[in-house]
Each structure stands twice: as C-alpha cells, then as structure tokens.
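Q: Below is the structure I would like to discuss, written out as structure tokens.
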Amino acid sequence: MQSLRVRTNGMRTKGRLMALSRSARRTSSRLLALATAVAAGLTIAAAPAASPGAPGIGDPYFPNLGNGGFDALHYDLGVSYNPDSGRLDGRTTLTARATQNLSSFDLDLQKLTVDSIRVNGKPADFSRTGDEIVITPRHRLRKGEEFEVTVAYGGVPQALNGPIVFGSDYGWMKTKDGVFVACEPNAASTWFPSSDHPGDKATYDIRIDAPKGLTGVSNGRLVDSYDKGGRSYFHWRETKPMATYLATASIGKFDVKTGKTPAGTPIYVAIDPVLANQNKVDVYAVTAEATDYWSKLFGPYPFEETGAVVDDMPEAGFSLETQSKPSYSAVRSESTIVHELAHQWFGDSVSVAHWDDIWLNEGFATYAQWLWAEHRGTATAHDSFLAAYNSRPADADFWKIEVADPQRDTMFASAVYQRGAMMLQELRERIGDQAFFKLLPAWTKQHRYQNADTEDFIDLAEHISGKSLDGLFQKWIYDTGKPAL
C-alpha cells in the first residue's frame, strides 16, 4: 500500500522498502497457504481440516475490521426504525463464499444485541468478543462453498466519535425527524452486521421501513415503495460492488426530485424541507452537470443512478460520498458537491485496499475541485496549487503529515486532501496534459469496482507517461517537510 520504488546510490527508499515488505508478506502468506493446502491434501484428503476465519483482514489502522475466511458477495438488509425511541430492528442476510475450510467465522457488529443467527437456514452457535460476532455453523464450510448467514438483531445504534472524522460524530446519527447515516471509515457495523472494510465489497438490497410520512433513502435504484399499516416501506438495490462504509439508510422528511442528467443518467435528489430555502446552490442542477462532466474526464459514470441526500444535521459537520447519492449534512458550496461526486470514481468505484492509502480518495476528489474551478474559468489548477502551497509556511504542522501513511487518527488531515491534490498537479505538469488526462480514465477503468493502492497508481502513471516518477511521488506523498518548487 505505502509503496514506492525510489533508489538513491543503490539504496531503496522507505516507500519502496515498505512496498517490498508488504509484497513479501503477501508472497509468504500465499506460499504458506499453498504449503498448508498441499500438506493437508497429502495427509487428510478425505476430510480436509477446517479452521476459524480471522477476526480482521489486518488493516494497519483497523486490524479487526473486515473478516478472514470468506468473501462477502451480497447483503440483503432489512431495517425497521422508530425515530421516537431510536430503536432499530434489523435482519441481515449475507451471502458469502468461503475462501478456506471454515470451522467458524466472524462478523463485525458494534453495540447492538443479536437475537438469533442461522447459517444456510439452520440455527448456528455464536458468541461475542467485543465488536466481533464469532459464528460456528452446524456443519463446517468447505473452501469455495457459497453460504448464507442470517442475523436478527436490534437496539439503539450509537454514533461513533473521536478525532478521526474532524472530531465529529459519524455513523448512525439521529435527526429531529429520523436519522442521517454516514459511516466512513468504520461505522457501518454500528447498524448492520458485516465484513466492515472496503477490501470486501458486495452488492446490496436495502429495505427500510419507518413511520408513515417519512422517506427512507439508500444506495442504487428504488425498486419498490408502499405504505401499509401506518408504516412506509422502501426497497433499494445496489447492483454494483460497494464498500460497507458507503452504505446508507437515511430516514426523514424529504422533498424528492427525480429525472435524468442531460447525458441520460437517472438522478434522485432528496432534500430536507427545512433546508430547501436555505441553500443557495441548486443541488439537483449541479449534481446533474458535474456527473456528466466527470464522466467525460474520468470515464463512464460507474453506477446506475446519481443524486444527493441533503439532511438537516448540523452536528455532523461533514458530507460523505455514499455510493450513487452523496450525503450532505448541509450543502456548503458547489465545490462540496463536485468533490463528493468525484468520489464516485475515486473511492467508490475504485476503492482503497487499506486505509493508509486514503489519499487516493481525498487527494483525487480535492484535485477534482481544482479541475472544476478550471472548467468554470475561475482559476487554473496551477493557480489553485500555488494558493494552497503558498498559504502554509514551512514550519506548519501541515507539512509534518506523511500523506501516503497519515496514521489512523489523522487520516483525514488537510494534508491528505491538499497535498494529495498538489501531488496530482505536479504529476500533470511533469507528464503533460495529454498523458495526464489519459491516465485518469485509464485508472478508473483498470480498477473499476475493485481495490487498488498507491503502487498500482505509480505503475500505471509510469506506463502511460513513459517516465520514471519515483522522485516525484517520494517528494510529495512519502517525505515530510515542505518541498521546494
């Protein structure tokens, strides 16, 4: 993840050493797995051994997020919410494929109470260890086998807080009339059991029910909605792979406008009526325009629908690129909208493999804001670069963050956004516009609906430009200190 291939006087720099270290660990793990499989085949071929899946995928920032031993394929979520009490009752069915012979496996779930678990329709034993549910199916699962695990659960979801997201609460957040759901990086498991890491994407059906008169908004396309017995029901379907933190189920009173962008992409915009007359930005119009413009620069729009959810949630203090329709606690500017929409390519479709590569999301979306200003004719990206560079003295804390590994509690530090964008402008000026604007859609095409890391981006940039870019990346995202221009 945090890799670079720079050599000085025959010595590898820190970035490349880290890449080689991780590569070696991956190779070692694969060889060990192969040796184990061969040994098992020779000794107990008739009854292959099974072992527990790992409680996490080993992300350096969140070691116990995600789960080992299986690959999530599809979530069918049903959430019933009572705004008065704050109680959620849920039923989640996860379809997954075992990646090893499994005697047990984990799911991530924070605080909520589990009522029952079934694997392939049969009751399963389970226990809790912190935020991990350890599930032991009645019959062991064989490598390659698809299986279903259904979890019935409930309680009052608790928002997370702390320094990570600008000091704000995040996750499942109560509003005056419902709930605002924005979960980056680790709060999806506050409202549904999951393999809560972007490295384990899946498709989704999300079914929401709430008191009649409220609207439930989620990812993808609305496939059904109706009222029954004092409740309103909404069924959303996301057919493209999605990271857990991008899932949403925002509920409240919304004014909804639907249609298509000028280029034909379906659009769904829901705005809290409290904010309808407070926003000077036409969210629908800017969303439609930016979706089409980014489709020209970054490659085809990756999802079935675009849009927005704008909710009266001033306590959140941030917006999030929830897949297919970003969530805004309030729209601050046109620039905010274009930033979150750029994430549909950089972060949502192409997702980080580990959280230490978060600059691949935020640096790109920030640079998209500079490109939008260039598109509008208000400032060139070069001017935006100089303004960001010159506004920060050399001794500012801004320059002390290693962008390619900013650490968990400062993973959303302004340097990740701004210096990440500076890196891209420097890259553009080094390789030229023709190669740079070939690189962006090539990146989103090569890793569409998948995960990628910094080393992948460097490799592609060098391939397309035909230039060695080691020193450039080392200078702007691996080294600390203010680089000389």
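Residues in the structure tokens are named by chain (A, B, ... in the order shown) and by number from 1 within that chain; ligands are numbered from 1 in the order shown.
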Please identify the strand (DSSP E) residues within stretch 67-215 of chain A (assignment by DSSP from backbone atoms) and present them as a VMD selection string.
A: chain A and resid 70 to 82 87 to 98 102 to 108 113 to 119 122 to 123 125 to 129 132 to 136 146 to 155 171 to 174 179 to 182 202 to 211 215
Q: If we count only C-alpha atoms and set the cut-off at 9 Å, which residues sit around A:Asn64, ignoring sequence neighbours fewer than 6 positions away in its own chain? Please answer as a list in words.
A: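 Residues meeting the cut-off are Ala54, Pro55, Gly56, Ile57, Gly58, Asp108, Asp131 and Glu132 of chain A.
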Q: For A:Glu146, please output as a ChimeraX atom specification all residues within 8 Å (counting only C-alpha atoms; exclusion window: fewer than 6 positions along the same chain).
A: /A:95-98
Q: Store the residues picked out above, limited to all heavy atoms, as a JSON list (two decimals), in the first residue's frame.
A:
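Final output, saved to again_38.json:
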```json
[["chain", "number", "residue", "atom", "x", "y", "z"],
["A", 95, "THR", "N", -24.78, -13.22, 1.85],
["A", 95, "THR", "CA", -24.33, -14.34, 1.00],
["A", 95, "THR", "C", -22.83, -14.18, 0.80],
["A", 95, "THR", "O", -22.36, -13.11, 0.43],
["A", 95, "THR", "CB", -25.05, -14.33, -0.35],
["A", 95, "THR", "OG1", -26.46, -14.39, -0.14],
["A", 95, "THR", "CG2", -24.62, -15.52, -1.20],
["A", 96, "ALA", "N", -22.08, -15.24, 1.07],
["A", 96, "ALA", "CA", -20.62, -15.17, 1.01],
["A", 96, "ALA", "C", -20.06, -16.45, 0.43],
["A", 96, "ALA", "O", -20.76, -17.46, 0.31],
["A", 96, "ALA", "CB", -20.05, -14.92, 2.41],
["A", 97, "ARG", "N", -18.78, -16.40, 0.07],
["A", 97, "ARG", "CA", -18.09, -17.59, -0.42],
["A", 97, "ARG", "C", -16.90, -17.86, 0.49],
["A", 97, "ARG", "O", -16.09, -16.97, 0.76],
["A", 97, "ARG", "CB", -17.61, -17.40, -1.85],
["A", 97, "ARG", "CG", -16.84, -18.62, -2.41],
["A", 97, "ARG", "CD", -16.35, -18.41, -3.83],
["A", 97, "ARG", "NE", -17.45, -18.29, -4.77],
["A", 97, "ARG", "CZ", -17.80, -17.18, -5.39],
["A", 97, "ARG", "NH1", -17.12, -16.05, -5.15],
["A", 97, "ARG", "NH2", -18.82, -17.14, -6.23],
["A", 98, "ALA", "N", -16.81, -19.09, 0.99],
["A", 98, "ALA", "CA", -15.68, -19.44, 1.86],
["A", 98, "ALA", "C", -14.39, -19.45, 1.06],
["A", 98, "ALA", "O", -14.33, -20.01, -0.04],
["A", 98, "ALA", "CB", -15.93, -20.81, 2.49]]
```
Q: Do you have, as JSON lines, the list of residues of stretch 270-344 of chain A lying at most 8 Å from stretch 178-198 of chain A, each with its nearest atom pair and that distance in Å to one decimal, counting only C-alpha atoms and ordered by chain then number?
A:
```
{"residue": "A:Asp311", "atom": "CA", "partner": "A:Phe180", "partner_atom": "CA", "distance": 7.0}
{"residue": "A:Met313", "atom": "CA", "partner": "A:Phe180", "partner_atom": "CA", "distance": 7.1}
{"residue": "A:Ser319", "atom": "CA", "partner": "A:Ala182", "partner_atom": "CA", "distance": 7.9}
{"residue": "A:Leu320", "atom": "CA", "partner": "A:Ala182", "partner_atom": "CA", "distance": 6.3}
{"residue": "A:Thr322", "atom": "CA", "partner": "A:Ala182", "partner_atom": "CA", "distance": 7.2}
{"residue": "A:Ser327", "atom": "CA", "partner": "A:Ala182", "partner_atom": "CA", "distance": 7.0}
{"residue": "A:Ser329", "atom": "CA", "partner": "A:Phe180", "partner_atom": "CA", "distance": 7.9}
```
Q: Taking into account only C-alpha atoms, which residue in the set A:Thr92, A:Asn390, A:Ser103, A:Ser295 is nearest to A:Ile117?
A: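 Smallest distance to A:Ile117 is found for A:Thr92.
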Q: Pick the closest to A:His354 from A:Met411, A:Val256, A:Leu88, A:Ala316: which is it, counting only C-alpha atoms?
A: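 Checking each of A:Met411, A:Val256, A:Leu88, A:Ala316 against A:His354, counting only C-alpha atoms, the winner is A:Met411.
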Q: Please extract the residues of stretch 59-292 of chain A with a backbone DSSP assignment of helix (DSSP H, G or I) and present them as a PyMOL selection string.
A: chain A and resi 188-190+244-246+283-292
Q: Those residues you just picked out, can you put them in a file as a CSV table (one decimal), in the first residue's frame with N, CA and C atoms?
A:
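Everything below was put into part35.csv:
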```csv
chain,number,residue,atom,x,y,z
A,188,ALA,N,-20.2,1.4,9.6
A,188,ALA,CA,-21.3,0.6,9.0
A,188,ALA,C,-21.7,-0.5,10.0
A,189,SER,N,-20.8,-1.1,10.8
A,189,SER,CA,-21.1,-2.1,11.7
A,189,SER,C,-21.8,-1.6,13.0
A,190,THR,N,-22.1,-0.3,13.0
A,190,THR,CA,-23.0,0.2,14.1
A,190,THR,C,-24.4,0.0,13.8
A,244,THR,N,-18.7,-1.3,2.6
A,244,THR,CA,-19.7,-1.2,3.7
A,244,THR,C,-19.8,0.3,4.1
A,245,TYR,N,-18.7,1.0,4.2
A,245,TYR,CA,-18.9,2.4,4.7
A,245,TYR,C,-19.7,3.3,3.8
A,246,LEU,N,-19.9,2.9,2.6
A,246,LEU,CA,-20.7,3.7,1.6
A,246,LEU,C,-22.2,3.4,1.7
A,283,VAL,N,-28.8,22.0,-5.9
A,283,VAL,CA,-28.2,20.7,-5.7
A,283,VAL,C,-28.5,19.8,-6.9
A,284,TYR,N,-29.7,19.8,-7.3
A,284,TYR,CA,-30.1,19.0,-8.5
A,284,TYR,C,-29.3,19.3,-9.7
A,285,ALA,N,-29.3,20.6,-10.1
A,285,ALA,CA,-28.7,21.1,-11.3
A,285,ALA,C,-27.2,20.8,-11.3
A,286,VAL,N,-26.5,21.1,-10.1
A,286,VAL,CA,-25.1,20.9,-10.0
A,286,VAL,C,-24.7,19.4,-10.1
A,287,THR,N,-25.5,18.6,-9.4
A,287,THR,CA,-25.3,17.2,-9.4
A,287,THR,C,-25.4,16.6,-10.9
A,288,ALA,N,-26.4,17.1,-11.6
A,288,ALA,CA,-26.6,16.6,-13.0
A,288,ALA,C,-25.4,17.1,-13.8
A,289,GLU,N,-25.0,18.3,-13.7
A,289,GLU,CA,-23.9,18.9,-14.6
A,289,GLU,C,-22.6,18.2,-14.2
A,290,ALA,N,-22.3,18.1,-12.9
A,290,ALA,CA,-21.0,17.5,-12.5
A,290,ALA,C,-20.9,16.0,-12.9
A,291,THR,N,-22.0,15.3,-12.7
A,291,THR,CA,-22.0,13.9,-13.1
A,291,THR,C,-21.6,13.7,-14.5
A,292,ASP,N,-22.2,14.5,-15.4
A,292,ASP,CA,-21.9,14.4,-16.8
A,292,ASP,C,-20.5,14.9,-17.2
```
Q: Using atom CA of A:Val134 and atom CA of A:Asn67 as the two end points, give the distance in Å to one decimal.
A: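 Taking atom CA of A:Val134 as the start and atom CA of A:Asn67 as the end point, the length is 10.5 Å.
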Q: If we count only C-alpha atoms and set the cut-off at 12 Å, which residues sit around A:Leu460, ignoring sequence neighbours fewer than 6 positions away in its own chain? Please answer as a ChimeraX atom specification.
A: /A:435-436,438-447,452-454,466-469
Q: Can you spit out the residues from that selection as an mmCIF file, in the first residue's frame, using N, CA and C atoms?
A:
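The resulting file, part.cif, is shown below:
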```cif
data_model
loop_
_atom_site.group_PDB
_atom_site.id
_atom_site.type_symbol
_atom_site.label_atom_id
_atom_site.label_comp_id
_atom_site.auth_asym_id
_atom_site.auth_seq_id
_atom_site.Cartn_x
_atom_site.Cartn_y
_atom_site.Cartn_z
ATOM 1 N N ALA A 435 -0.937 12.980 -21.476
ATOM 2 C CA ALA A 435 -0.755 11.754 -20.701
ATOM 3 C C ALA A 435 -1.596 11.774 -19.425
ATOM 4 N N PHE A 436 -1.694 12.933 -18.779
ATOM 5 C CA PHE A 436 -2.425 13.009 -17.512
ATOM 6 C C PHE A 436 -3.904 12.714 -17.705
ATOM 7 N N LYS A 438 -5.198 11.080 -20.035
ATOM 8 C CA LYS A 438 -5.332 9.680 -20.438
ATOM 9 C C LYS A 438 -5.246 8.777 -19.211
ATOM 10 N N LEU A 439 -4.421 9.189 -18.253
ATOM 11 C CA LEU A 439 -4.213 8.400 -17.040
ATOM 12 C C LEU A 439 -5.470 8.286 -16.190
ATOM 13 N N LEU A 440 -6.205 9.382 -16.009
ATOM 14 C CA LEU A 440 -7.348 9.368 -15.093
ATOM 15 C C LEU A 440 -8.409 8.343 -15.499
ATOM 16 N N PRO A 441 -8.918 8.348 -16.740
ATOM 17 C CA PRO A 441 -9.897 7.321 -17.100
ATOM 18 C C PRO A 441 -9.297 5.925 -17.195
ATOM 19 N N ALA A 442 -8.009 5.838 -17.490
ATOM 20 C CA ALA A 442 -7.365 4.513 -17.523
ATOM 21 C C ALA A 442 -7.342 3.901 -16.117
ATOM 22 N N TRP A 443 -7.089 4.730 -15.103
ATOM 23 C CA TRP A 443 -7.080 4.278 -13.709
ATOM 24 C C TRP A 443 -8.468 3.774 -13.298
ATOM 25 N N THR A 444 -9.503 4.547 -13.606
ATOM 26 C CA THR A 444 -10.853 4.143 -13.182
ATOM 27 C C THR A 444 -11.352 2.938 -13.966
ATOM 28 N N LYS A 445 -10.850 2.763 -15.184
ATOM 29 C CA LYS A 445 -11.238 1.588 -15.964
ATOM 30 C C LYS A 445 -10.507 0.339 -15.483
ATOM 31 N N GLN A 446 -9.208 0.461 -15.239
ATOM 32 C CA GLN A 446 -8.406 -0.693 -14.850
ATOM 33 C C GLN A 446 -8.863 -1.297 -13.522
ATOM 34 N N HIS A 447 -9.321 -0.457 -12.593
ATOM 35 C CA HIS A 447 -9.681 -0.938 -11.253
ATOM 36 C C HIS A 447 -11.170 -0.738 -10.944
ATOM 37 N N ALA A 452 -7.442 -0.825 -5.038
ATOM 38 C CA ALA A 452 -6.109 -0.544 -5.571
ATOM 39 C C ALA A 452 -5.309 0.227 -4.535
ATOM 40 N N ASP A 453 -3.994 0.312 -4.766
ATOM 41 C CA ASP A 453 -3.126 1.013 -3.828
ATOM 42 C C ASP A 453 -2.207 1.979 -4.564
ATOM 43 N N THR A 454 -1.380 2.670 -3.806
ATOM 44 C CA THR A 454 -0.509 3.686 -4.379
ATOM 45 C C THR A 454 0.460 3.096 -5.400
ATOM 46 N N GLY A 466 5.596 6.932 -19.753
ATOM 47 C CA GLY A 466 6.920 6.512 -20.183
ATOM 48 C C GLY A 466 8.032 7.177 -19.395
ATOM 49 N N LYS A 467 7.703 7.758 -18.230
ATOM 50 C CA LYS A 467 8.691 8.453 -17.413
ATOM 51 C C LYS A 467 8.878 7.745 -16.080
ATOM 52 N N SER A 468 10.054 7.879 -15.504
ATOM 53 C CA SER A 468 10.297 7.422 -14.145
ATOM 54 C C SER A 468 9.815 8.509 -13.185
ATOM 55 N N LEU A 469 8.912 8.140 -12.292
ATOM 56 C CA LEU A 469 8.267 9.132 -11.428
ATOM 57 C C LEU A 469 8.580 8.913 -9.958
#
```
